[in-house]
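Shown here: query_35.txt, compact mmCIF, C-alpha atoms.
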```txt
# COMPACT_ATOMS: atom_id res chain seq x y z
CA MET W 1 7.00 19.79 -19.04
CA GLY W 2 3.59 21.38 -19.40
CA GLY W 3 0.97 21.21 -22.05
CA SER W 4 -0.58 17.80 -21.44
CA LYS W 5 -3.95 17.44 -19.78
CA MET W 6 -4.43 16.41 -16.20
CA GLU W 7 -6.18 13.27 -15.16
CA GLY W 8 -8.18 13.07 -11.95
CA PRO W 9 -9.64 15.92 -9.93
CA ALA W 10 -8.00 18.69 -11.95
CA ALA W 11 -8.48 17.16 -15.39
CA ALA W 12 -10.25 20.22 -16.72
CA MET W 13 -7.08 22.33 -16.68
CA LEU W 14 -3.84 22.28 -18.56
CA ARG W 15 -1.08 21.28 -16.22
CA ARG W 16 1.46 23.95 -15.40
CA ASP W 17 4.91 23.45 -13.96
CA PRO W 18 4.37 22.79 -10.20
CA TYR W 19 7.27 25.09 -9.35
CA GLU W 20 5.60 27.85 -11.33
CA VAL W 21 2.23 27.22 -9.66
CA LEU W 22 3.71 27.45 -6.15
CA CYS W 23 6.03 30.35 -7.11
CA VAL W 24 9.17 28.54 -5.94
CA SER W 25 12.44 27.60 -7.60
CA LYS W 26 13.64 24.08 -8.38
CA ASP W 27 16.23 24.24 -5.60
CA SER W 28 13.68 25.31 -2.96
CA SER W 29 13.73 23.44 0.33
CA ASP W 30 10.85 21.34 1.61
CA GLN W 31 10.03 24.04 4.15
CA GLU W 32 9.91 26.74 1.45
CA ILE W 33 7.61 24.60 -0.68
CA ARG W 34 5.37 23.86 2.29
CA THR W 35 5.16 27.54 3.25
CA ALA W 36 4.32 28.57 -0.32
CA TYR W 37 1.62 25.91 -0.56
CA ARG W 38 -0.07 26.94 2.67
CA THR W 39 -0.04 30.60 1.69
CA LEU W 40 -1.61 29.92 -1.71
CA ALA W 41 -4.04 27.30 -0.40
CA LEU W 42 -5.31 29.79 2.14
CA ARG W 43 -5.63 32.50 -0.52
CA TYR W 44 -7.62 30.35 -2.96
CA HIS W 45 -9.52 28.19 -0.49
CA PRO W 46 -13.19 27.67 -1.50
CA ASP W 47 -14.35 28.70 1.99
CA LYS W 48 -13.01 32.19 1.33
CA ASN W 49 -14.05 32.30 -2.33
CA ALA W 50 -17.57 30.90 -2.40
CA ASN W 51 -18.59 33.04 -5.39
CA ASN W 52 -15.36 32.66 -7.34
CA PRO W 53 -15.16 29.39 -9.34
CA GLU W 54 -11.77 30.40 -10.74
CA ALA W 55 -10.31 30.44 -7.22
CA SER W 56 -11.62 26.91 -6.68
CA GLU W 57 -9.77 25.70 -9.77
CA LEU W 58 -6.62 27.48 -8.67
CA PHE W 59 -6.93 25.82 -5.25
CA LYS W 60 -7.05 22.40 -6.94
CA GLU W 61 -4.02 23.29 -9.05
CA VAL W 62 -2.08 24.39 -5.98
CA ALA W 63 -3.00 21.17 -4.15
CA TYR W 64 -2.05 19.09 -7.20
CA SER W 65 1.33 20.81 -7.53
CA TYR W 66 2.04 20.39 -3.83
CA SER W 67 1.19 16.67 -4.00
CA ILE W 68 4.09 16.35 -6.45
CA LEU W 69 6.71 18.55 -4.82
CA SER W 70 6.00 17.47 -1.23
CA ASP W 71 6.87 13.84 -2.02
CA PRO W 72 10.64 13.36 -2.58
CA GLU W 73 10.19 10.38 -4.90
CA ARG W 74 7.53 12.06 -7.04
CA ARG W 75 9.48 15.30 -7.12
CA LYS W 76 12.53 13.42 -8.39
CA LYS W 77 10.48 11.65 -11.05
CA TYR W 78 8.96 14.94 -12.20
CA ASP W 79 12.37 16.67 -12.30
CA ASN W 80 13.76 13.86 -14.44
CA SER W 81 10.88 13.05 -16.79
CA GLY W 82 8.00 15.48 -16.24
CA PHE W 83 4.35 14.54 -15.84
CA GLU W 84 4.71 11.41 -17.95
CA ALA W 85 6.63 9.66 -15.17
CA LEU W 86 3.75 10.32 -12.77
CA ASP W 87 0.79 9.48 -14.98
CA ALA W 88 1.31 5.72 -14.70
CA GLU W 89 0.86 5.66 -10.91
CA GLY W 90 -1.59 8.53 -10.51
CA LEU W 91 -1.54 11.16 -7.81
CA ASP W 92 -3.60 11.53 -4.68
CA LEU W 93 -4.65 14.94 -3.41
CA GLU W 94 -5.11 16.17 0.11
CA LEU W 95 -8.81 16.50 0.91
CA ASP W 96 -10.34 19.34 2.86
CA LEU W 97 -13.24 17.58 4.60
CA SER W 98 -14.87 20.90 5.46
CA ASN W 99 -15.40 21.50 1.74
CA LEU W 100 -15.96 17.93 0.60
CA GLY W 101 -19.72 17.50 1.03
CA THR W 102 -21.60 14.74 2.82
CA VAL W 103 -21.63 12.15 0.01
CA ASN W 104 -17.92 12.47 -0.81
CA THR W 105 -17.07 12.46 2.89
CA MET W 106 -18.93 9.16 3.23
CA PHE W 107 -16.89 7.66 0.37
CA ALA W 108 -13.66 8.92 1.94
CA ALA W 109 -14.69 7.38 5.27
CA ILE W 110 -15.39 4.04 3.57
CA PHE W 111 -11.97 4.01 1.91
CA SER W 112 -10.33 4.88 5.22
CA LYS W 113 -12.16 2.00 6.93
CA MET W 114 -10.83 -0.31 4.21
CA GLY W 115 -7.30 0.61 5.28
CA ILE W 116 -6.56 2.99 2.40
CA PRO W 117 -4.90 6.12 3.85
CA ILE W 118 -6.75 9.30 2.89
CA LYS W 119 -4.78 12.53 2.92
CA THR W 120 -6.67 15.40 4.51
CA THR W 121 -5.65 19.02 4.87
CA VAL W 122 -6.30 21.43 7.73
CA SER W 123 -9.38 23.53 7.08
CA ALA W 124 -8.94 27.12 5.93
CA ASN W 125 -10.89 28.39 8.94
CA VAL W 126 -8.35 26.96 11.40
CA LEU W 127 -5.38 28.24 9.37
CA GLU W 128 -6.95 31.69 9.20
CA GLU W 129 -7.60 31.73 12.95
CA ALA W 130 -3.92 31.00 13.53
CA LEU W 131 -2.81 33.54 10.93
CA ASN W 132 -4.95 36.26 12.51
CA GLY W 133 -4.11 35.21 16.06
CA SER W 134 -7.83 34.99 16.79
CA PHE W 135 -7.76 31.64 18.61
CA THR W 136 -8.11 30.76 22.28
CA MET W 137 -4.87 29.31 23.68
CA ARG W 138 -4.96 26.91 26.61
CA PRO W 139 -1.87 26.47 28.82
CA LEU W 140 0.00 23.16 28.73
CA LYS W 141 2.81 22.95 31.26
CA ILE W 142 5.83 20.73 30.72
CA GLY W 143 5.31 17.46 32.60
CA THR W 144 1.51 17.61 32.49
CA SER W 145 -1.29 16.35 30.25
CA VAL W 146 -4.69 17.69 29.19
CA SER W 147 -7.66 15.69 27.88
CA GLY W 148 -10.43 17.02 25.68
CA LYS W 149 -12.84 16.55 22.80
CA VAL W 150 -12.47 18.60 19.62
CA GLU W 151 -15.11 18.94 16.91
CA LYS W 152 -14.36 17.68 13.41
CA GLN W 153 -12.39 20.15 11.27
CA SER W 154 -11.80 22.33 14.35
CA ALA W 155 -8.76 22.76 16.58
CA HIS W 156 -7.85 23.22 20.23
CA PHE W 157 -4.74 25.44 20.63
CA PHE W 158 -2.22 24.99 23.44
CA GLY W 159 0.60 27.22 24.63
CA VAL W 160 3.71 25.38 25.87
CA TYR W 161 6.27 27.50 27.71
CA VAL W 162 9.84 26.16 27.50
CA ASN W 163 12.67 27.48 29.70
CA ASP W 164 16.39 27.42 28.89
CA GLU W 165 17.13 24.15 30.71
CA GLN W 166 14.17 22.35 29.11
CA ALA W 167 15.03 23.64 25.64
CA GLU W 168 18.58 22.38 25.99
CA ALA W 169 17.44 18.95 27.21
CA GLY W 170 14.78 18.44 24.52
CA ILE W 171 11.00 18.51 24.30
CA VAL W 172 8.42 15.90 23.25
CA ILE W 173 4.75 16.64 22.53
CA ARG W 174 2.50 13.59 22.25
CA VAL W 175 -1.22 13.10 21.66
CA THR W 176 -3.11 9.81 22.13
CA SER W 177 -6.74 8.77 21.74
CA ALA W 178 -8.10 5.72 23.56
CA ALA W 179 -11.20 5.99 21.35
CA GLN W 180 -8.93 5.65 18.27
CA SER W 181 -10.10 9.02 16.94
CA LYS W 182 -8.46 10.53 13.86
CA PHE W 183 -6.66 13.78 14.58
CA LYS W 184 -3.68 15.91 13.62
CA LEU W 185 -1.02 17.33 15.90
CA LEU W 186 -0.07 20.80 14.62
CA TYR W 187 2.83 23.14 15.44
CA PHE W 188 2.60 26.84 14.58
CA GLN W 189 5.42 29.33 14.33
CA ASN W 190 5.16 33.07 14.65
CA ASP W 191 5.46 34.76 11.25
CA ALA W 192 6.11 38.32 10.07
CA THR W 193 2.44 39.32 10.37
CA GLU W 194 2.41 38.65 14.12
CA GLY W 195 0.15 35.70 13.44
CA TYR W 196 1.03 32.02 13.36
CA GLY W 197 1.74 29.87 10.32
CA LEU W 198 1.54 26.10 10.24
CA ALA W 199 5.09 24.72 10.44
CA LEU W 200 4.68 21.03 11.29
CA GLN W 201 1.83 18.54 11.00
CA GLU W 202 1.60 14.94 12.20
CA ASP W 203 -1.35 12.71 11.36
CA SER W 204 -2.49 10.21 13.96
CA LYS W 205 -1.88 6.54 13.32
CA LYS W 206 -3.01 3.41 15.07
CA THR W 207 -0.47 2.02 17.54
CA GLY W 208 -1.83 -0.92 19.47
CA LYS W 209 -5.23 -0.10 20.95
CA VAL W 210 -4.91 3.69 20.57
CA THR W 211 -4.20 6.28 17.90
CA SER W 212 -1.26 8.58 18.51
CA ALA W 213 0.94 11.29 17.05
CA GLY W 214 4.08 12.92 18.37
CA MET W 215 6.68 15.63 17.73
CA TYR W 216 10.24 15.21 19.00
CA PHE W 217 12.58 18.17 19.42
CA LEU W 218 15.78 16.42 20.53
CA HIS W 219 18.65 18.44 18.97
CA PHE W 220 19.36 15.76 16.36
CA GLN W 221 17.67 14.80 13.14
CA VAL W 222 14.49 12.88 13.83
CA TYR W 223 12.16 11.35 11.26
CA ARG W 224 8.43 11.17 10.70
CA MET W 225 6.54 8.30 9.08
CA ASP W 226 4.00 9.47 6.51
CA SER W 227 1.49 6.62 6.24
CA THR W 228 -0.07 8.12 3.10
CA ALA W 229 3.19 8.33 1.15
CA ASN W 230 3.24 5.75 -1.65
CA ALA W 231 0.02 4.29 -0.24
CA PHE W 232 -1.69 3.90 -3.59
CA ALA W 233 1.47 2.65 -5.29
CA MET W 234 1.78 0.01 -2.56
CA THR W 235 -1.86 -0.98 -2.99
CA LYS W 236 -1.39 -1.22 -6.73
CA ASP W 237 1.79 -3.30 -6.39
CA PRO W 238 1.56 -5.09 -3.00
CA GLU W 239 4.36 -7.48 -3.89
CA PHE W 240 6.83 -4.61 -3.68
CA ALA W 241 5.23 -2.88 -0.69
CA LEU W 242 8.22 -3.86 1.46
CA PHE W 243 10.55 -1.74 -0.67
CA LYS W 244 8.23 1.29 -0.52
CA ARG W 245 7.40 1.10 3.15
CA LEU W 246 10.52 2.81 4.48
CA GLU W 247 10.36 5.47 1.77
CA SER W 248 7.69 7.19 3.88
CA LEU W 249 10.29 7.90 6.59
CA GLN W 250 11.06 11.58 6.05
CA PRO W 251 13.27 13.96 8.05
CA CYS W 252 11.48 16.52 10.22
CA ASP W 253 12.17 20.15 9.35
CA ILE W 254 12.52 21.30 12.95
CA SER W 255 14.69 19.42 15.44
CA GLU W 256 14.74 21.78 18.43
CA LEU W 257 12.67 24.39 20.25
CA LYS W 258 14.07 27.69 21.49
CA PRO W 259 13.18 28.95 24.94
CA GLY W 260 9.83 30.73 24.98
CA CYS W 261 6.15 30.05 24.31
CA HIS W 262 5.27 27.61 21.50
CA VAL W 263 1.85 27.02 19.99
CA PHE W 264 0.56 23.51 19.32
CA ALA W 265 -2.94 22.36 18.36
CA VAL W 266 -5.00 19.19 18.18
CA TYR W 267 -7.12 19.17 15.02
CA GLY W 268 -10.22 16.96 14.76
CA ASP W 269 -9.75 14.81 11.66
CA ASN W 270 -12.66 12.41 12.11
CA PHE W 271 -15.06 12.26 9.17
CA PHE W 272 -18.30 12.73 11.12
CA LYS W 273 -17.78 12.96 14.88
CA PRO W 274 -15.60 14.81 17.41
CA ALA W 275 -12.16 13.47 18.32
CA THR W 276 -11.29 12.69 21.93
CA TYR W 277 -7.64 13.06 22.92
CA THR W 278 -5.02 13.48 25.62
CA ILE W 279 -2.06 15.79 24.91
CA GLU W 280 1.09 15.86 27.05
CA ALA W 281 4.33 17.85 27.03
CA LEU W 282 7.54 16.23 28.29
CA CYS W 283 11.10 17.35 28.93
CA THR W 284 13.48 14.58 27.86
CA LYS W 285 16.02 15.27 30.62
CA SER W 286 14.80 12.19 32.49
CA PHE W 287 14.49 10.16 29.25
CA ASN W 288 18.14 10.08 28.15
CA ASP W 289 18.19 6.33 27.64
CA THR W 290 14.98 6.43 25.58
CA THR W 291 16.37 9.31 23.50
CA HIS W 292 19.53 7.35 22.67
CA LYS W 293 17.44 4.31 21.75
CA LEU W 294 15.32 6.41 19.37
CA LYS W 295 18.41 7.83 17.68
CA ALA W 296 19.93 4.34 17.35
CA ILE W 297 16.80 2.66 15.97
CA GLU W 298 16.22 5.37 13.37
CA ALA W 299 19.84 5.03 12.25
CA LYS W 300 19.25 1.29 11.81
CA ILE W 301 16.08 1.96 9.83
CA LEU W 302 17.97 4.31 7.49
CA ARG W 303 20.66 1.68 6.94
CA LYS W 304 17.97 -0.90 6.30
CA ARG W 305 16.35 1.42 3.76
CA ASN W 306 19.65 1.69 1.88
CA GLU W 307 20.03 -2.10 1.99
CA LEU W 308 16.52 -2.53 0.61
CA HIS W 309 17.35 -0.22 -2.29
CA GLN W 310 20.10 -2.62 -3.33
CA PHE W 311 18.08 -5.73 -2.53
CA GLU W 312 15.12 -4.48 -4.59
CA THR W 313 17.25 -4.61 -7.73
CA GLU W 314 18.42 -8.13 -6.90
CA TYR W 315 14.89 -9.22 -6.03
CA ARG W 316 13.38 -7.87 -9.23
CA MET W 317 16.06 -9.63 -11.29
CA ALA W 318 15.53 -12.88 -9.39
CA LEU W 319 11.76 -12.56 -9.71
CA ALA W 320 12.03 -11.96 -13.44
CA ARG W 321 14.26 -15.04 -13.72
CA PHE W 322 11.83 -17.06 -11.60
CA GLN W 323 8.92 -16.01 -13.78
CA GLU W 324 10.93 -16.97 -16.84
CA VAL W 325 11.82 -20.46 -15.57
CA THR W 326 8.25 -20.92 -14.30
CA ARG W 327 6.93 -20.21 -17.77
CA ARG W 328 9.47 -22.64 -19.19
CA TYR W 329 8.51 -25.26 -16.60
CA ASN W 330 4.87 -25.02 -17.63
CA ASP W 331 5.83 -25.17 -21.32
CA GLU W 332 8.08 -28.19 -20.77
CA LYS W 333 5.39 -29.93 -18.73
CA GLN W 334 2.89 -29.40 -21.51
CA SER W 335 5.42 -30.60 -24.08
CA VAL W 336 6.18 -33.81 -22.13
CA ASN W 337 2.47 -34.57 -21.73
CA GLU W 338 1.93 -34.11 -25.45
CA LEU W 339 4.86 -36.34 -26.39
CA LEU W 340 3.69 -39.13 -24.08
CA LYS W 341 0.19 -38.80 -25.44
CA GLN W 342 1.50 -39.19 -28.97
CA ARG W 343 3.56 -42.21 -27.86
CA ASP W 344 0.46 -43.86 -26.36
CA SER W 345 -1.45 -43.19 -29.55
CA ILE W 346 1.26 -44.89 -31.59
CA HIS W 347 1.21 -47.89 -29.24
CA THR W 348 -2.49 -48.40 -29.90
CA CYS W 349 -1.75 -48.79 -33.60
CA PHE W 350 0.03 -52.09 -32.97
CA THR W 351 -3.13 -54.28 -33.13
CA VAL W 352 -5.21 -56.22 -35.67
CA THR W 353 -8.40 -55.78 -33.68
CA ARG W 354 -11.15 -54.42 -35.82
CA PRO W 355 -14.27 -52.96 -34.33
CA VAL W 356 -17.43 -54.52 -35.77
CA SER W 357 -20.44 -52.28 -35.95
CA TYR W 358 -23.97 -53.42 -36.59
CA PRO W 359 -26.58 -51.45 -38.50
CA SER W 360 -28.55 -48.78 -36.76
CA GLY W 361 -31.12 -50.23 -34.34
CA GLY W 362 -29.10 -53.41 -33.77
CA THR W 363 -26.78 -54.40 -30.97
CA TYR W 364 -23.25 -53.14 -31.02
CA SER W 365 -20.40 -55.35 -29.97
CA THR W 366 -16.76 -55.83 -30.72
CA ARG W 367 -15.30 -59.13 -31.92
CA SER W 368 -11.67 -59.94 -32.01
CA LYS W 369 -10.76 -61.29 -35.41
CA SER W 370 -7.15 -62.30 -35.25
CA PHE W 371 -4.93 -64.58 -37.29
CA GLY W 372 -6.29 -68.19 -37.41
CA ASP W 373 -9.94 -67.27 -36.95
CA ASP W 374 -10.70 -68.61 -40.47
CA TYR W 375 -9.15 -72.02 -39.64
CA LYS W 376 -11.64 -74.15 -37.72
CA PHE W 377 -10.73 -77.39 -35.94
CA GLY W 378 -12.60 -80.39 -37.35
CA SER W 379 -15.15 -82.45 -35.54
CA ARG W 380 -12.62 -85.20 -35.07
CA GLY W 381 -10.53 -83.07 -32.81
CA GLU W 382 -13.50 -81.94 -30.81
CA GLY W 383 -14.99 -85.49 -30.73
CA GLY W 384 -11.69 -86.98 -29.61
CA SER W 385 -11.72 -84.71 -26.66
CA ASP W 386 -15.24 -85.87 -25.69
CA SER W 387 -14.34 -89.58 -26.02
CA LYS W 388 -11.36 -89.19 -23.78
CA GLU W 389 -13.48 -87.56 -21.12
CA LYS W 390 -16.03 -90.38 -21.28
CA ALA W 391 -13.31 -93.03 -20.93
CA MET W 392 -11.91 -91.33 -17.84
CA ARG W 393 -15.36 -91.14 -16.26
CA LYS W 394 -15.96 -94.86 -16.94
CA LYS W 395 -12.65 -95.79 -15.38
CA TRP W 396 -13.46 -93.80 -12.24
CA PHE W 397 -16.83 -95.53 -11.80
CA SER W 398 -15.13 -98.92 -12.23
CA LEU W 399 -12.64 -98.16 -9.45
CA LYS W 400 -15.44 -97.05 -7.19
CA ASN W 401 -17.36 -100.30 -7.68
CA LEU W 402 -14.26 -102.34 -6.78
CA ARG W 403 -14.26 -100.75 -3.34
```
Would you encode the structure as structure tokens?
Amino acid sequence: MGGSKMEGPAAAMLRRDPYEVLCVSKDSSDQEIRTAYRTLALRYHPDKNANNPEASELFKEVAYSYSILSDPERRKKYDNSGFEALDAEGLDLELDLSNLGTVNTMFAAIFSKMGIPIKTTVSANVLEEALNGSFTMRPLKIGTSVSGKVEKQSAHFFGVYVNDEQAEAGIVIRVTSAAQSKFKLLYFQNDATEGYGLALQEDSKKTGKVTSAGMYFLHFQVYRMDSTANAFAMTKDPEFALFKRLESLQPCDISELKPGCHVFAVYGDNFFKPATYTIEALCTKSFNDTTHKLKAIEAKILRKRNELHQFETEYRMALARFQEVTRRYNDEKQSVNELLKQRDSIHTCFTVTRPVSYPSGGTYSTRSKSFGDDYKFGSRGEGGSDSKEKAMRKKWFSLKNLR
């Protein structure tokens, strides 16, 4: 599967097996792949290796490998056919804006304004703060909300304490921005080093007049919509965007919270300015009806996704047939026009009219020279006609005088 050269940001390197790069096996879970990526990305991040160009290349390779294995469709394509199956559509990397530079950040902002989703990753500084436990944690009580403003590529950490009753009922953490700021909602879990590792991440998306992101711990499988998944494939092939749209609905790795203190964070993901936000923590005990509606609507969406898989095959076949008959229609139309044109041309051959042309500098005209033109009526015939007219005129004058 290796050996061919990369195209895009990591084109300078030979591509290695993504599983080998991330040090995971082919049957690794999404969570295992995500954990491996974050560990390696933090190790090789340019912020921590300013004087080590090799680390920068390894960071790109890790990001490239993760962009394959984190996407179920791309992972399946790679498992079946290797890099060749991915080269046709290209791959997009997650961008660390803290290491991108002003000019490239401006280009990324322009693309984002144009509606093209840009994947961004959490800066190494924030991940390291969490890993070392060196962050300031603000309290966020269940049933309350907190508003704030976080600088770009920085994070505000919140501690949410959940008791037994609340954990059993279910917890929802939501963040909104009336200013439509870009942000990420992060959830950290305590790891073996007594620090915190990033476990879940939700990017904000525009919903109505605000941007929002949420995490739902409801004791059943809930799903997240990744707006960047298949984004470039959909842009490249907008006619089939409908069939790709629901592919971005992915199951969340964590569906419940245990009693205790849990760490969440709001990460500023704007390109140039701080992000304003309001974060709230809710117990779903008083939202039973809403919880059932969410479970029901996501079940319908999954069924619809399966239906679209089948319909896509039918649609592509029908479209191919339509394109075929459209081509034939145009060919037949052209053929009919040509036949009628030939028929009209043949019709014009049934004539004895000869165009008469005068020498250059003279007047051009066309005379009809048909059968009988060489036979001229004699003067007697023409004179007889004049005599008859004179006789009729004389008779009329005579009648008038009698009156």
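Distances to Ile279 (chain W) were evaluated for W:His347, W:Arg174, W:Lys141, W:Arg75 using all atoms listed in the file, and the minimum falls at W:Arg174.
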*Which is closest to Val222 (chain W) among W:Lys60, W:Lys333, W:Lys295, W:Arg16, if we use only C-alpha atoms?*
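Between W:Lys60, W:Lys333, W:Lys295, W:Arg16, the residue approaching Val222 (chain W) most closely is W:Lys295.
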_Distance in Å - CA of Thr121 (chain W) versus CA of Pro251 (chain W)_ = 19.8 Å
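Put simply, CA of Ala169 (chain W) is 15.3 Å away from CA of Ile254 (chain W).
Rounded to one decimal, CA of Thr211 (chain W) and CA of Gln180 (chain W) lie 4.8 Å from each other.
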*Which neighbours of Ile173 (chain W) fall inside 12 Å, counting all atoms listed in the file, when residues of the same chain fewer than 4 positions from it are skipped, and could you give them as a VMD selection string?*
chain W and resid 140 to 146 158 to 160 162 185 to 187 202 212 to 218 256 to 257 262 to 266 278 to 284
Output C-alpha atoms of each residue in that selection to a file, as a short mmCIF file (atom, residue, chain, number, x, y, z; two decimals), in the coordinates of the input.
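For reference, part37.cif as written:
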```cif
data_model
loop_
_atom_site.label_atom_id
_atom_site.label_comp_id
_atom_site.auth_asym_id
_atom_site.auth_seq_id
_atom_site.Cartn_x
_atom_site.Cartn_y
_atom_site.Cartn_z
CA LEU W 140 0.00 23.16 28.73
CA LYS W 141 2.81 22.95 31.26
CA ILE W 142 5.83 20.73 30.72
CA GLY W 143 5.31 17.46 32.60
CA THR W 144 1.51 17.61 32.49
CA SER W 145 -1.29 16.35 30.25
CA VAL W 146 -4.69 17.69 29.19
CA PHE W 158 -2.22 24.99 23.44
CA GLY W 159 0.60 27.22 24.63
CA VAL W 160 3.71 25.38 25.87
CA VAL W 162 9.84 26.16 27.50
CA LEU W 185 -1.02 17.33 15.90
CA LEU W 186 -0.07 20.80 14.62
CA TYR W 187 2.83 23.14 15.44
CA GLU W 202 1.60 14.94 12.20
CA SER W 212 -1.26 8.58 18.51
CA ALA W 213 0.94 11.29 17.05
CA GLY W 214 4.08 12.92 18.37
CA MET W 215 6.68 15.63 17.73
CA TYR W 216 10.24 15.21 19.00
CA PHE W 217 12.58 18.17 19.42
CA LEU W 218 15.78 16.42 20.53
CA GLU W 256 14.74 21.78 18.43
CA LEU W 257 12.67 24.39 20.25
CA HIS W 262 5.27 27.61 21.50
CA VAL W 263 1.85 27.02 19.99
CA PHE W 264 0.56 23.51 19.32
CA ALA W 265 -2.94 22.36 18.36
CA VAL W 266 -5.00 19.19 18.18
CA THR W 278 -5.02 13.48 25.62
CA ILE W 279 -2.06 15.79 24.91
CA GLU W 280 1.09 15.86 27.05
CA ALA W 281 4.33 17.85 27.03
CA LEU W 282 7.54 16.23 28.29
CA CYS W 283 11.10 17.35 28.93
CA THR W 284 13.48 14.58 27.86
#
```
*asked:* Nearest residue to Asp226 (chain W) out of W:Phe240, W:Leu69, W:Lys205, W:Arg303, using all atoms listed in the file?
replied: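 Distance minimum relative to Asp226 (chain W) lands on W:Lys205.
Closest approach to Glu247 (chain W) among W:Arg328, W:Lys182, W:Lys285, W:Arg74: W:Arg74, based on all atoms listed in the file.
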*asked:* Ranking W:Tyr267, W:Phe350, W:Phe243, W:Tyr66 by minimum distance to Lys184 (chain W) and counting only C-alpha atoms, which one comes first?
replied: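 Ranked by minimum distance to Lys184 (chain W), first place goes to W:Tyr267.
The list of residues with at least one atom within 10 Å of Val21 (chain W), based on only C-alpha atoms and without residues fewer than 3 positions apart in the same chain, reads Arg15, Arg16, Asp17, Pro18, Val24, Ala36, Tyr37, Leu40, Leu58, Glu61, Val62, Ala63, Tyr64, Ser65 and Tyr66 of chain W.
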